[in-house]
Structures are given as C-alpha cells and as structure tokens.
>>> print(open('run31.cif').read())   # mmCIF, C-alpha atoms and all ligand atoms
data_model
#
loop_
_atom_site.label_atom_id
_atom_site.label_comp_id
_atom_site.auth_asym_id
_atom_site.auth_seq_id
_atom_site.Cartn_x
_atom_site.Cartn_y
_atom_site.Cartn_z
CA MET W 19 79.11 86.03 128.71
CA THR W 20 78.01 85.26 125.17
CA PRO W 21 74.43 86.35 124.43
CA THR W 22 72.01 83.44 124.74
CA ALA W 23 70.99 83.81 121.09
CA LEU W 24 74.53 82.94 120.06
CA ARG W 25 74.44 79.74 122.06
CA ARG W 26 71.19 78.55 120.57
CA PRO W 27 70.88 76.54 117.36
CA THR W 28 68.57 77.82 114.64
CA ALA W 29 64.92 76.85 114.80
CA ALA W 30 65.43 74.59 111.78
CA THR W 31 67.86 72.41 113.70
CA VAL W 32 65.89 71.98 116.92
CA THR W 33 63.24 69.35 117.59
CA PRO W 34 59.98 70.53 119.19
CA ALA W 35 60.80 68.71 122.44
CA ALA W 36 64.18 70.39 122.73
CA THR W 37 62.69 73.82 121.99
CA ALA W 38 60.00 73.40 124.62
CA ASN W 39 62.47 72.60 127.34
CA ARG W 40 65.00 75.29 126.46
CA THR W 41 62.43 78.03 126.39
CA GLY W 42 60.14 76.80 129.19
CA THR W 43 60.79 76.83 132.89
CA ALA W 44 61.94 73.22 133.37
CA PRO W 45 65.65 72.70 132.75
CA PRO W 46 66.29 70.30 129.85
CA ASP W 47 66.76 66.66 130.75
CA ALA W 48 69.63 64.58 129.42
CA GLY W 49 67.56 63.24 126.51
CA ASN W 50 66.71 66.75 125.35
CA ILE W 51 70.31 67.91 125.73
CA LEU W 52 71.56 65.00 123.61
CA ARG W 53 68.86 65.64 121.00
CA ARG W 54 69.62 69.35 120.71
CA CYS W 55 73.34 68.71 120.26
CA ARG W 56 72.66 65.90 117.78
CA ASP W 57 70.45 68.20 115.72
CA LEU W 58 73.14 70.87 115.72
CA THR W 59 75.82 68.39 114.59
CA ALA W 60 73.82 66.28 112.11
CA PRO W 61 74.13 68.48 108.99
CA ALA W 62 77.95 68.64 109.21
CA LEU W 63 78.20 64.93 110.02
CA THR W 64 75.99 64.00 107.06
CA GLU W 65 77.96 66.28 104.74
CA ALA W 66 81.26 64.73 105.85
CA ILE W 67 79.98 61.18 105.25
CA ASP W 68 78.53 62.14 101.86
CA GLY W 69 82.05 63.00 100.68
CA LEU W 70 83.30 59.43 101.18
CA HIS W 71 83.49 56.74 98.49
CA PRO W 72 79.84 55.64 97.97
CA TRP W 73 80.33 52.08 99.27
CA VAL W 74 82.32 53.28 102.27
CA ALA W 75 79.71 55.99 102.89
CA GLU W 76 76.99 53.31 102.91
CA MET W 77 78.87 51.35 105.58
CA ALA W 78 79.54 54.54 107.54
CA ARG W 79 75.82 55.37 107.54
CA TYR W 80 75.04 51.88 108.79
CA ALA W 81 77.66 52.15 111.54
CA LEU W 82 76.39 55.56 112.60
CA GLY W 83 72.80 54.33 112.57
CA LEU W 84 71.82 56.77 109.83
CA ARG W 85 70.53 54.02 107.58
CA GLU W 86 69.50 50.35 107.86
CA PRO W 87 69.95 47.97 104.92
CA ASP W 88 66.45 46.51 105.30
CA GLY W 89 64.75 49.85 105.78
CA ALA W 90 64.25 49.26 109.53
CA GLY W 91 64.30 52.23 111.90
CA PRO W 92 67.66 53.79 112.74
CA SER W 93 69.78 52.26 115.49
CA ARG W 94 71.91 55.17 116.63
CA GLY W 95 74.26 55.64 119.52
CA LYS W 96 73.46 58.13 122.24
CA GLY W 97 75.66 60.82 120.72
CA VAL W 98 77.36 61.54 124.04
CA ARG W 99 80.66 62.70 122.56
CA GLN W 100 79.14 65.12 120.07
CA ALA W 101 77.06 66.61 122.89
CA LEU W 102 80.14 67.10 125.06
CA ALA W 103 81.91 68.94 122.23
CA VAL W 104 78.96 71.29 121.66
CA LEU W 105 78.54 71.88 125.40
CA GLY W 106 82.30 72.39 125.76
CA ALA W 107 82.07 75.31 123.33
CA GLU W 108 78.97 76.73 125.01
CA ALA W 109 80.41 76.30 128.50
CA VAL W 110 83.23 78.72 127.66
CA SER W 111 80.63 81.19 126.35
CA GLY W 112 81.12 80.34 122.70
CA PRO W 113 78.37 79.49 120.24
CA GLY W 114 77.48 75.79 120.09
CA HIS W 115 78.24 75.68 116.39
CA ALA W 116 81.90 76.52 117.13
CA GLY W 117 82.15 73.06 118.69
CA VAL W 118 80.52 71.26 115.76
CA PRO W 119 83.73 70.28 113.88
CA GLY W 120 84.95 68.78 117.17
CA ALA W 121 81.59 67.03 117.62
CA VAL W 122 81.83 65.52 114.14
CA ALA W 123 85.44 64.45 114.68
CA VAL W 124 84.82 62.69 118.01
CA GLU W 125 81.65 60.99 116.79
CA LEU W 126 83.51 59.65 113.73
CA VAL W 127 86.44 58.45 115.82
CA HIS W 128 84.09 56.87 118.38
CA THR W 129 82.26 55.00 115.62
CA PHE W 130 85.57 53.89 114.13
CA SER W 131 86.78 52.58 117.49
CA LEU W 132 83.55 50.61 118.02
CA LEU W 133 83.86 49.01 114.57
CA HIS W 134 87.38 47.88 115.21
CA ASP W 135 86.59 46.84 118.79
CA ASP W 136 83.77 44.57 117.60
CA ILE W 137 86.16 42.90 115.18
CA MET W 138 88.87 42.47 117.82
CA ASP W 139 86.40 41.01 120.35
CA GLY W 140 84.43 39.01 117.75
CA ASP W 141 81.24 40.73 118.96
CA ALA W 142 78.46 40.00 116.48
CA LEU W 143 75.94 42.48 117.91
CA ARG W 144 76.15 46.24 118.28
CA ARG W 145 73.18 48.32 119.40
CA GLY W 146 70.93 45.31 119.08
CA ARG W 147 71.67 44.53 115.44
CA PRO W 148 74.51 42.90 113.47
CA ALA W 149 77.84 44.64 113.97
CA LEU W 150 79.20 46.17 110.75
CA TRP W 151 81.69 43.35 110.20
CA LYS W 152 78.81 40.83 110.44
CA ALA W 153 76.69 42.84 108.00
CA TYR W 154 79.41 43.67 105.42
CA GLY W 155 82.40 41.43 106.19
CA THR W 156 85.59 42.03 108.16
CA GLY W 157 87.70 43.58 105.39
CA PRO W 158 85.07 46.14 104.38
CA ALA W 159 84.40 46.98 108.05
CA VAL W 160 88.12 47.61 108.66
CA LEU W 161 88.16 49.88 105.61
CA ALA W 162 85.07 51.77 106.77
CA GLY W 163 86.72 52.27 110.16
CA ASP W 164 89.88 53.57 108.51
CA ALA W 165 87.81 56.03 106.47
CA LEU W 166 86.01 57.33 109.57
CA PHE W 167 89.31 57.75 111.37
CA ALA W 168 90.86 59.74 108.51
CA LEU W 169 87.71 61.81 108.10
CA GLY W 170 87.69 62.63 111.81
CA VAL W 171 91.19 64.07 111.64
CA GLU W 172 90.45 65.89 108.37
CA THR W 173 87.37 67.53 109.88
CA LEU W 174 89.60 69.38 112.33
CA ALA W 175 92.25 70.36 109.79
CA ASP W 176 90.17 73.23 108.39
CA THR W 177 89.16 74.77 111.72
CA PRO W 178 90.55 78.06 113.06
CA HIS W 179 92.46 76.31 115.86
CA ALA W 180 93.50 73.37 113.66
CA GLY W 181 96.98 72.78 115.10
CA GLY W 182 95.85 72.56 118.71
CA ALA W 183 92.66 70.71 117.80
CA VAL W 184 94.41 68.00 115.79
CA ARG W 185 96.98 67.59 118.57
CA GLN W 186 94.15 67.27 121.11
CA LEU W 187 92.62 64.49 119.05
CA THR W 188 95.86 62.64 118.34
CA THR W 189 96.74 62.64 122.05
CA ALA W 190 93.37 61.03 122.76
CA LEU W 191 93.90 58.53 119.94
CA GLY W 192 97.20 57.46 121.45
CA ASP W 193 95.45 56.91 124.76
CA LEU W 194 92.67 54.94 123.10
CA VAL W 195 95.22 52.60 121.57
CA GLY W 196 96.99 52.26 124.93
CA GLY W 197 93.75 51.56 126.77
CA GLN W 198 92.63 49.03 124.21
CA ALA W 199 96.06 47.34 124.31
CA ASP W 200 95.85 47.06 128.11
CA ASP W 201 92.33 45.70 127.87
CA LEU W 202 93.38 43.04 125.36
CA LEU W 203 96.42 42.12 127.44
CA PHE W 204 94.32 41.86 130.60
CA ALA W 205 92.56 38.90 128.97
CA GLU W 206 95.86 36.95 129.09
CA ARG W 207 96.43 37.68 132.77
CA PRO W 208 95.36 35.28 135.55
CA TRP W 209 92.44 36.02 137.86
CA THR W 210 94.51 35.59 141.03
CA GLY W 211 98.11 35.78 142.22
CA PRO W 212 100.84 38.36 141.69
CA GLU W 213 100.13 38.71 137.95
CA ALA W 214 96.42 39.41 138.47
CA VAL W 215 95.01 42.75 137.26
CA CYS W 216 94.47 45.21 140.13
CA ALA W 217 91.81 47.93 140.45
CA GLU W 218 94.36 50.71 139.79
CA GLU W 219 95.38 49.13 136.50
CA TYR W 220 91.73 48.83 135.58
CA ALA W 221 91.18 52.57 136.27
CA THR W 222 94.15 53.54 134.08
CA MET W 223 92.85 51.33 131.28
CA ALA W 224 89.34 52.79 131.55
CA GLU W 225 90.61 56.35 131.61
CA ARG W 226 92.51 55.75 128.37
CA LYS W 227 90.04 53.53 126.56
CA THR W 228 86.89 55.46 127.42
CA GLY W 229 87.83 58.65 129.25
CA ALA W 230 90.33 59.98 126.72
CA LEU W 231 87.75 60.52 123.98
CA LEU W 232 85.14 61.96 126.36
CA GLY W 233 87.75 64.38 127.70
CA CYS W 234 88.87 65.17 124.18
CA ALA W 235 85.28 65.95 123.16
CA LEU W 236 84.78 68.51 125.94
CA ALA W 237 88.25 69.97 125.46
CA LEU W 238 87.94 70.20 121.68
CA GLY W 239 84.64 72.06 121.93
CA ALA W 240 86.18 74.58 124.33
CA ARG W 241 89.37 74.88 122.28
CA LEU W 242 87.46 75.52 119.06
CA ALA W 243 85.51 78.25 120.87
CA GLY W 244 88.80 79.93 121.80
CA ALA W 245 89.20 78.86 125.47
CA ALA W 246 92.52 79.22 127.30
CA ASP W 247 94.80 76.17 127.48
CA CYS W 248 94.30 75.75 131.24
CA THR W 249 90.51 75.59 130.82
CA VAL W 250 90.88 73.14 127.95
CA ALA W 251 93.14 70.91 130.09
CA GLU W 252 90.73 70.97 133.03
CA LEU W 253 87.81 70.02 130.78
CA ASP W 254 89.88 67.18 129.37
CA GLY W 255 90.43 65.94 132.95
CA THR W 256 86.69 66.25 133.65
CA GLY W 257 85.86 64.03 130.70
CA ARG W 258 88.48 61.49 131.70
CA HIS W 259 86.95 61.07 135.16
CA LEU W 260 83.52 60.88 133.55
CA GLY W 261 84.91 58.16 131.27
CA VAL W 262 86.02 55.98 134.18
CA ALA W 263 82.58 56.36 135.82
CA PHE W 264 80.91 55.63 132.47
CA GLN W 265 83.05 52.54 131.82
CA ILE W 266 82.34 51.15 135.28
CA ALA W 267 78.62 51.71 134.71
CA ASP W 268 79.01 49.91 131.36
CA ASP W 269 80.69 46.99 133.17
CA VAL W 270 77.86 46.81 135.71
CA LEU W 271 75.30 46.82 132.89
CA GLY W 272 77.31 44.08 131.15
CA VAL W 273 76.57 41.75 134.09
CA TRP W 274 73.21 42.95 135.41
CA GLY W 275 71.81 45.03 132.54
CA ASP W 276 68.78 44.20 130.44
CA PRO W 277 70.00 43.00 127.01
CA GLU W 278 66.95 44.74 125.49
CA SER W 279 68.38 48.12 126.43
CA THR W 280 72.13 47.35 126.25
CA GLY W 281 71.82 45.80 122.79
CA LYS W 282 74.40 43.21 123.83
CA PRO W 283 74.05 39.55 124.84
CA VAL W 284 73.49 39.04 128.56
CA HIS W 285 76.67 38.26 130.58
CA GLY W 286 78.80 38.68 127.43
CA ASP W 287 81.75 40.20 129.35
CA LEU W 288 81.66 37.40 131.94
CA ARG W 289 81.61 34.68 129.29
CA GLN W 290 84.56 36.36 127.54
CA GLY W 291 86.48 36.47 130.82
CA LYS W 292 86.77 40.30 130.72
CA LYS W 293 88.60 41.86 133.65
CA THR W 294 85.83 44.26 134.62
CA LEU W 295 85.75 46.17 137.91
CA PRO W 296 82.83 44.33 139.56
CA VAL W 297 84.68 41.03 139.08
CA LEU W 298 88.08 42.38 140.15
CA ALA W 299 86.54 43.96 143.25
CA ALA W 300 84.67 40.76 144.16
CA LEU W 301 87.83 38.66 143.81
CA ASP W 302 89.48 40.84 146.47
CA ALA W 303 86.62 40.30 148.92
CA THR W 304 86.59 38.01 151.93
CA PRO W 305 84.42 35.97 152.09
CA GLY W 306 83.27 35.27 148.53
CA GLY W 307 86.40 36.02 146.52
CA GLY W 308 87.80 32.51 146.83
CA GLU W 309 84.64 30.80 145.63
CA LEU W 310 84.42 33.18 142.67
CA ALA W 311 88.08 32.59 141.79
CA GLU W 312 87.49 28.86 141.77
CA LEU W 313 84.54 29.23 139.44
CA LEU W 314 86.40 31.57 137.06
CA THR W 315 89.44 29.31 136.85
CA THR W 316 87.57 26.02 136.35
CA PRO W 317 87.51 25.23 132.61
CA GLY W 318 83.96 25.23 131.20
CA ALA W 319 82.44 26.36 134.52
CA LEU W 320 80.96 29.50 132.95
CA ASP W 321 78.98 27.55 130.38
CA GLY W 322 75.23 27.36 130.88
CA ASP W 323 74.13 28.23 134.41
CA GLY W 324 77.68 28.85 135.65
CA VAL W 325 77.64 32.42 134.38
CA ARG W 326 74.50 33.23 136.40
CA ARG W 327 76.15 31.74 139.49
CA ALA W 328 79.21 33.91 138.85
CA ALA W 329 77.01 37.02 138.62
CA ALA W 330 75.33 36.10 141.93
CA LEU W 331 78.69 35.48 143.61
CA ILE W 332 80.06 38.83 142.39
CA GLU W 333 77.04 40.63 143.82
CA ARG W 334 77.19 38.73 147.12
CA ALA W 335 80.91 39.43 147.51
CA GLY W 336 80.19 43.16 147.13
CA GLY W 337 81.73 43.56 143.67
CA ARG W 338 78.76 45.47 142.32
CA THR W 339 78.56 47.79 145.35
CA ARG W 340 82.28 48.55 145.23
CA ALA W 341 82.20 49.21 141.50
CA GLU W 342 79.22 51.55 141.90
CA HIS W 343 81.03 53.35 144.71
CA GLU W 344 84.08 53.87 142.47
CA ALA W 345 81.86 55.17 139.66
CA ARG W 346 80.30 57.71 142.06
CA ARG W 347 83.77 58.78 143.21
CA HIS W 348 84.91 59.49 139.65
CA LEU W 349 81.66 61.28 138.86
CA ALA W 350 82.13 63.49 141.94
CA GLU W 351 85.66 64.33 140.77
CA ALA W 352 84.38 65.22 137.29
CA ARG W 353 81.70 67.48 138.80
CA ALA W 354 84.22 69.13 141.14
CA ARG W 355 86.45 70.00 138.20
CA LEU W 356 83.56 71.56 136.34
CA THR W 357 82.63 73.60 139.40
CA SER W 358 86.19 74.87 139.75
CA LEU W 359 85.99 76.51 136.30
CA ARG W 360 84.18 79.76 135.55
CA LEU W 361 81.74 78.32 133.05
CA ALA W 362 78.57 79.83 131.60
CA PRO W 363 75.74 78.85 134.00
CA GLY W 364 73.27 77.44 131.43
CA PRO W 365 75.69 75.05 129.68
CA LEU W 366 77.27 74.20 133.05
CA GLY W 367 73.85 73.08 134.28
CA GLU W 368 73.37 71.00 131.13
CA LEU W 369 76.79 69.43 131.55
CA ARG W 370 76.03 68.51 135.13
CA THR W 371 72.71 66.97 134.10
CA LEU W 372 74.39 65.00 131.33
CA LEU W 373 77.26 63.79 133.52
CA SER W 374 74.90 62.41 136.15
CA ALA W 375 72.68 60.69 133.58
CA LEU W 376 75.70 59.10 131.91
CA ALA W 377 77.25 57.86 135.13
CA ASP W 378 73.86 56.48 136.24
CA ARG W 379 73.24 55.19 132.70
CA THR W 380 69.75 56.62 132.63
CA VAL W 381 70.38 57.60 128.98
C1 LIG W 401 92.02 55.33 118.15
C2 LIG W 401 93.79 54.64 116.53
C3 LIG W 401 92.72 54.25 117.45
C4 LIG W 401 92.41 52.95 117.66
C5 LIG W 401 91.24 52.50 118.45
C6 LIG W 401 89.57 49.78 118.98
C7 LIG W 401 90.25 50.80 119.83
C8 LIG W 401 91.56 51.35 119.36
C9 LIG W 401 89.73 51.22 120.99
C10 LIG W 401 88.42 50.74 121.51
C11 LIG W 401 87.90 51.70 122.49
C12 LIG W 401 86.53 51.33 122.99
C13 LIG W 401 85.65 50.44 122.19
C14 LIG W 401 86.11 51.83 124.14
C15 LIG W 401 84.75 51.57 124.70
C16 LIG W 401 84.11 52.87 125.04
C17 LIG W 401 82.65 52.71 125.32
C18 LIG W 401 82.20 52.66 126.75
C19 LIG W 401 81.77 52.67 124.32
C20 LIG W 401 80.31 52.73 124.45
O1 LIG W 401 80.00 54.10 124.34
P1 LIG W 401 78.50 54.61 124.23
O2 LIG W 401 77.67 53.94 125.27
O3 LIG W 401 78.10 54.03 122.80
O4 LIG W 401 78.51 56.09 124.21
P2 LIG W 401 76.89 54.47 121.84
O5 LIG W 401 76.38 53.16 121.29
O6 LIG W 401 75.84 55.19 122.63
O7 LIG W 401 77.51 55.32 120.80
#
>>> encode(input="run31.cif", output="structure tokens")
Amino acid sequence: MTPTALRRPTAATVTPAATANRTGTAPPDAGNILRRCRDLTAPALTEAIDGLHPWVAEMARYALGLREPDGAGPSRGKGVRQALAVLGAEAVSGPGHAGVPGAVAVELVHTFSLLHDDIMDGDALRRGRPALWKAYGTGPAVLAGDALFALGVETLADTPHAGGAVRQLTTALGDLVGGQADDLLFAERPWTGPEAVCAEEYATMAERKTGALLGCALALGARLAGAADCTVAELDGTGRHLGVAFQIADDVLGVWGDPESTGKPVHGDLRQGKKTLPVLAALDATPGGGELAELLTTPGALDGDGVRRAAALIERAGGRTRAEHEARRHLAEARARLTSLRLAPGPLGELRTLLSALADRTV
C-alpha cells in the first residue's frame, strides 16, 4: 500500500476543517471529502482556465462558480466528479495528485454538459442564479462550453497514460450524448400506451447521461495512478450504478425538493413533462396511475395548482417510494462492486461515505 503521506495533499492545499478530520479520530464526512479533493484540484483547474481566451475564461469562471459578475459569493457545484477522480487514484494506492488531471478533465466536461443542457432545456436558472446563456447570451455560452470540452480533452493529452485516459473520456462522452439524446426523445413520447417510456429505458438513459461521467471520473483517477484495466473497468461500473442512483435522487428532488437548496424552480421537471422515474413508476401503479395519466395528458392541466396535484398523485400512487427503492438498489450495487476490489482501506471508506451521501443527496 502507498504510504499515507503520499496520499495526502500538502498543508497549503488543505482547509483547516479537512485537516482536522483527516488527522483526528472521526472519519471525514462527505463535505470534508469533497473539500479536500476540491482543494487538491483547484490549482490545476484554475491554471487550465487561465490559459483560455480572456472572454471565454471569464465565462468559464462564471460557469464553474469561481467568479460572479456582481461580486456576489461564489456559486459552485459540489465537485463530485473531481472528488471521484482523486479518490479513484488513492483507492488504488496512488497519490491523490495522480488523479488531478482526470479531476480537472471531468469537472470541465461536466460544466460544459450543464451549459449546453441549460440551453437545450431553456433552463434560466442554474445553482440558484442565471444560467450562463442567460447571463452572457446563447452564442457565447455555446462557445464557452466548446472551450471547456476541448480543454477537458487536452488536459489528459499530456498525462503519462494519455492514450487510455483520452479513450476513457471519449467513451463517456459518447454515452453522454446518447443519454441526452434519449432524454430529449423521451419528451416526444406519450405517457401511456405501447410507445410510452418504460423504467428499463429510463435506467439506460440515466446510466449514460449521468452515470457515464461519474464512472469515468473514478476510472480515470485509477487509470492515471497506474491501475490494471480490470480494476479500471470495475470502477467505471461502480460510478455508472452510482449515477443511476444519483439521477433518481435528482428526479425525486425535482418534484419534492426545496428550491432553496436545489437552485431550480419547484416542480420544473413536472411542468416540462420530463419522463422521470417517480412519474413513470406512478403511471404503472394501480390504483392511481390512471388518474395521473389523465392529468398529464389533459392540455393545460399542469398550470397553476395542477402541478401540485400531480406531485400528490405521484406520491400516493407509490412513485416516490418505488423510485427511492430503485436508487437504493443501484447504490447497493455500486457499493458491492467497490467491496469486490482490493482497494486501499482509507480511500475505500471515503468512497463509501461519499457514495451514500450522494445517493441520499445529503451533500
Ligand atoms: C459530452 C459531447 C457531449 C455532449 C453533452 C448536454 C449533454 C450532451 C448532456 C447533458 C448531461 C447532463 C446535463 C446530465 C445531468 C447530470 C446531473 C445529474 C447533473 C447534476 O450534477 P451535480 O448535482 O451538479 O453534481 P453540481 O451543480 O453539483 O455540479
């Protein structure tokens, strides 16, 4: 096993809270794990962004929550993917910094995909503030996304395992496109009947759209730290199952979450007619499914109070319970895959903590 000192970031890169938990008796909680990995990744991420065209760099900083135009406090994402890349390296007994180019790459690609997703969905809010396309315009936001995408790939090109790492990322990118395509096409499909979206199709979409990049993050970290292909593949599978659990939890929050913490308008997915798992599961239920189907297919019925009625019907028909059960099943599969690997105990513990917190959306 790699000496602990090799797995630890330098004192200059660790916040006091993270240091306290890593050196004290209590195991770090998910917030501390995310913070430690963010601190380890931040210098390389900042340096990569600084190399962009100044205008594009400004938009990239806004999108990444590194800077607000009006001087307000930063509005960052959780940094889940960068943490998985760092922990992926540490889990195979490498130093965390070996995973940093992977962490930078996945965080850039994630940010890019959110930018473009907001444009495709016409979502005006991201993390509780104007989405980039609202703040800078659609054309500039597309350009900023393109720059982040290219930079993500370039970040891996100079690493020791560049060939395998770039391939790992491009495979995930292909899946992201496929998942997003399915998600967009689902919107055209009816709620009921033979053409309706089924739960299995939903799971495939979620694995591609959300799981592929989470799996890629873990796998890239391990690959960059020199892990064997079979370990890399198993970690990729772990992240994919985590992604399905994470996406389902996101869907549940989209209906019942507090907009203060989600940063998105309440019932946004329902109003947009998104084929999320709680709705699909409720439509299958007897009794309750029929009444919900009628509401969803009546033009204008989701305006005003209709959307709250739909949320109540979904819950009563068991859609929320079934979705939460599915999320737990995918989380259990992700944890089982981790356990089947011979990973370094400390990082394994941190991964397990992070996985649970993400699936429960307590971070
Ligand atoms: C990859 C070439 C290429 C195209 C991208 C736009 C697109 C195609 C895909 C969209 C994928 C997408 C938006 C998936 C959603 C994943 C998801 C659950 C995002 C939220 O992740 P969090 O909660 O976000 O980690 P934060 O805000 O914390 O960063």
>>> residues_near_ligand(input="run31.cif", ligand="ligand LIG 401 (chain W)", cutoff="6 Å", atoms="only C-alpha atoms and all ligand atoms", output="MDAnalysis selection string")
chainID W and resid 95:98 131:132 134:135 191 194:195 198 227:228 265
>>> residues_around(input="run31.cif", residues="Leu70 (chain W)", least_positions_apart="5", cutoff="10 Å", atoms="only C-alpha atoms", output="JSON list (two decimals) with C-alpha atoms, in the frame of the given file")
[["chain", "number", "residue", "atom", "x", "y", "z"],
["W", 65, "GLU", "CA", 77.96, 66.28, 104.74],
["W", 75, "ALA", "CA", 79.71, 55.99, 102.89],
["W", 76, "GLU", "CA", 76.99, 53.31, 102.91],
["W", 78, "ALA", "CA", 79.54, 54.54, 107.54],
["W", 162, "ALA", "CA", 85.07, 51.77, 106.77],
["W", 165, "ALA", "CA", 87.81, 56.03, 106.47],
["W", 166, "LEU", "CA", 86.01, 57.33, 109.57],
["W", 169, "LEU", "CA", 87.71, 61.81, 108.10]]
>>> residues_around(input="run31.cif", residues="region 318-325 of chain W", least_positions_apart="5", cutoff="7 Å", atoms="only C-alpha atoms", output="PyMOL selection string")
chain W and resi 288-289+313
>>> residues_around(input="run31.cif", residues="Gly83 (chain W)", least_positions_apart="3", cutoff="6 Å", atoms="all atoms listed in the file", output="mmCIF file with C-alpha atoms, keeping the file's coordinate frame")
data_model
loop_
_atom_site.group_PDB
_atom_site.id
_atom_site.type_symbol
_atom_site.label_atom_id
_atom_site.label_comp_id
_atom_site.auth_asym_id
_atom_site.auth_seq_id
_atom_site.Cartn_x
_atom_site.Cartn_y
_atom_site.Cartn_z
ATOM 1 C CA ARG W 79 75.820 55.370 107.540
ATOM 2 C CA TYR W 80 75.040 51.880 108.790
ATOM 3 C CA PRO W 92 67.660 53.790 112.740
ATOM 4 C CA SER W 93 69.780 52.260 115.490
ATOM 5 C CA ARG W 94 71.910 55.170 116.630
#
>>> residues_near_point(input="run31.cif", point="(76.0, 63.3, 116.5)", cutoff="8 Å", atoms="only C-alpha atoms", output="number ranges by chain")
W: 55-57, 59-60, 63, 97-101, 121-122, 125
>>> residues_around(input="run31.cif", residues="Gly306 (chain W)", least_positions_apart="3", cutoff="10 Å", atoms="all atoms listed in the file", output="PDB file with C-alpha atoms, in the frame of the given file")
ATOM      1  CA  ALA W 300      84.670  40.760 144.160  1.00  0.00           C
ATOM      2  CA  LEU W 301      87.830  38.660 143.810  1.00  0.00           C
ATOM      3  CA  ASP W 302      89.480  40.840 146.470  1.00  0.00           C
ATOM      4  CA  ALA W 303      86.620  40.300 148.920  1.00  0.00           C
ATOM      5  CA  GLU W 309      84.640  30.800 145.630  1.00  0.00           C
ATOM      6  CA  LEU W 310      84.420  33.180 142.670  1.00  0.00           C
ATOM      7  CA  ALA W 311      88.080  32.590 141.790  1.00  0.00           C
ATOM      8  CA  LEU W 331      78.690  35.480 143.610  1.00  0.00           C
ATOM      9  CA  ILE W 332      80.060  38.830 142.390  1.00  0.00           C
ATOM     10  CA  GLU W 333      77.040  40.630 143.820  1.00  0.00           C
ATOM     11  CA  ARG W 334      77.190  38.730 147.120  1.00  0.00           C
ATOM     12  CA  ALA W 335      80.910  39.430 147.510  1.00  0.00           C
ATOM     13  CA  GLY W 336      80.190  43.160 147.130  1.00  0.00           C
ATOM     14  CA  GLY W 337      81.730  43.560 143.670  1.00  0.00           C
TER      15      GLY W 337
END
>>> atom_distance(input="run31.cif", atom1="CA of Leu376 (chain W)", atom2="CA of Ile67 (chain W)")
27.1 Å
>>> atom_distance(input="run31.cif", atom1="CA of Leu359 (chain W)", atom2="CA of Glu252 (chain W)")
8.0 Å
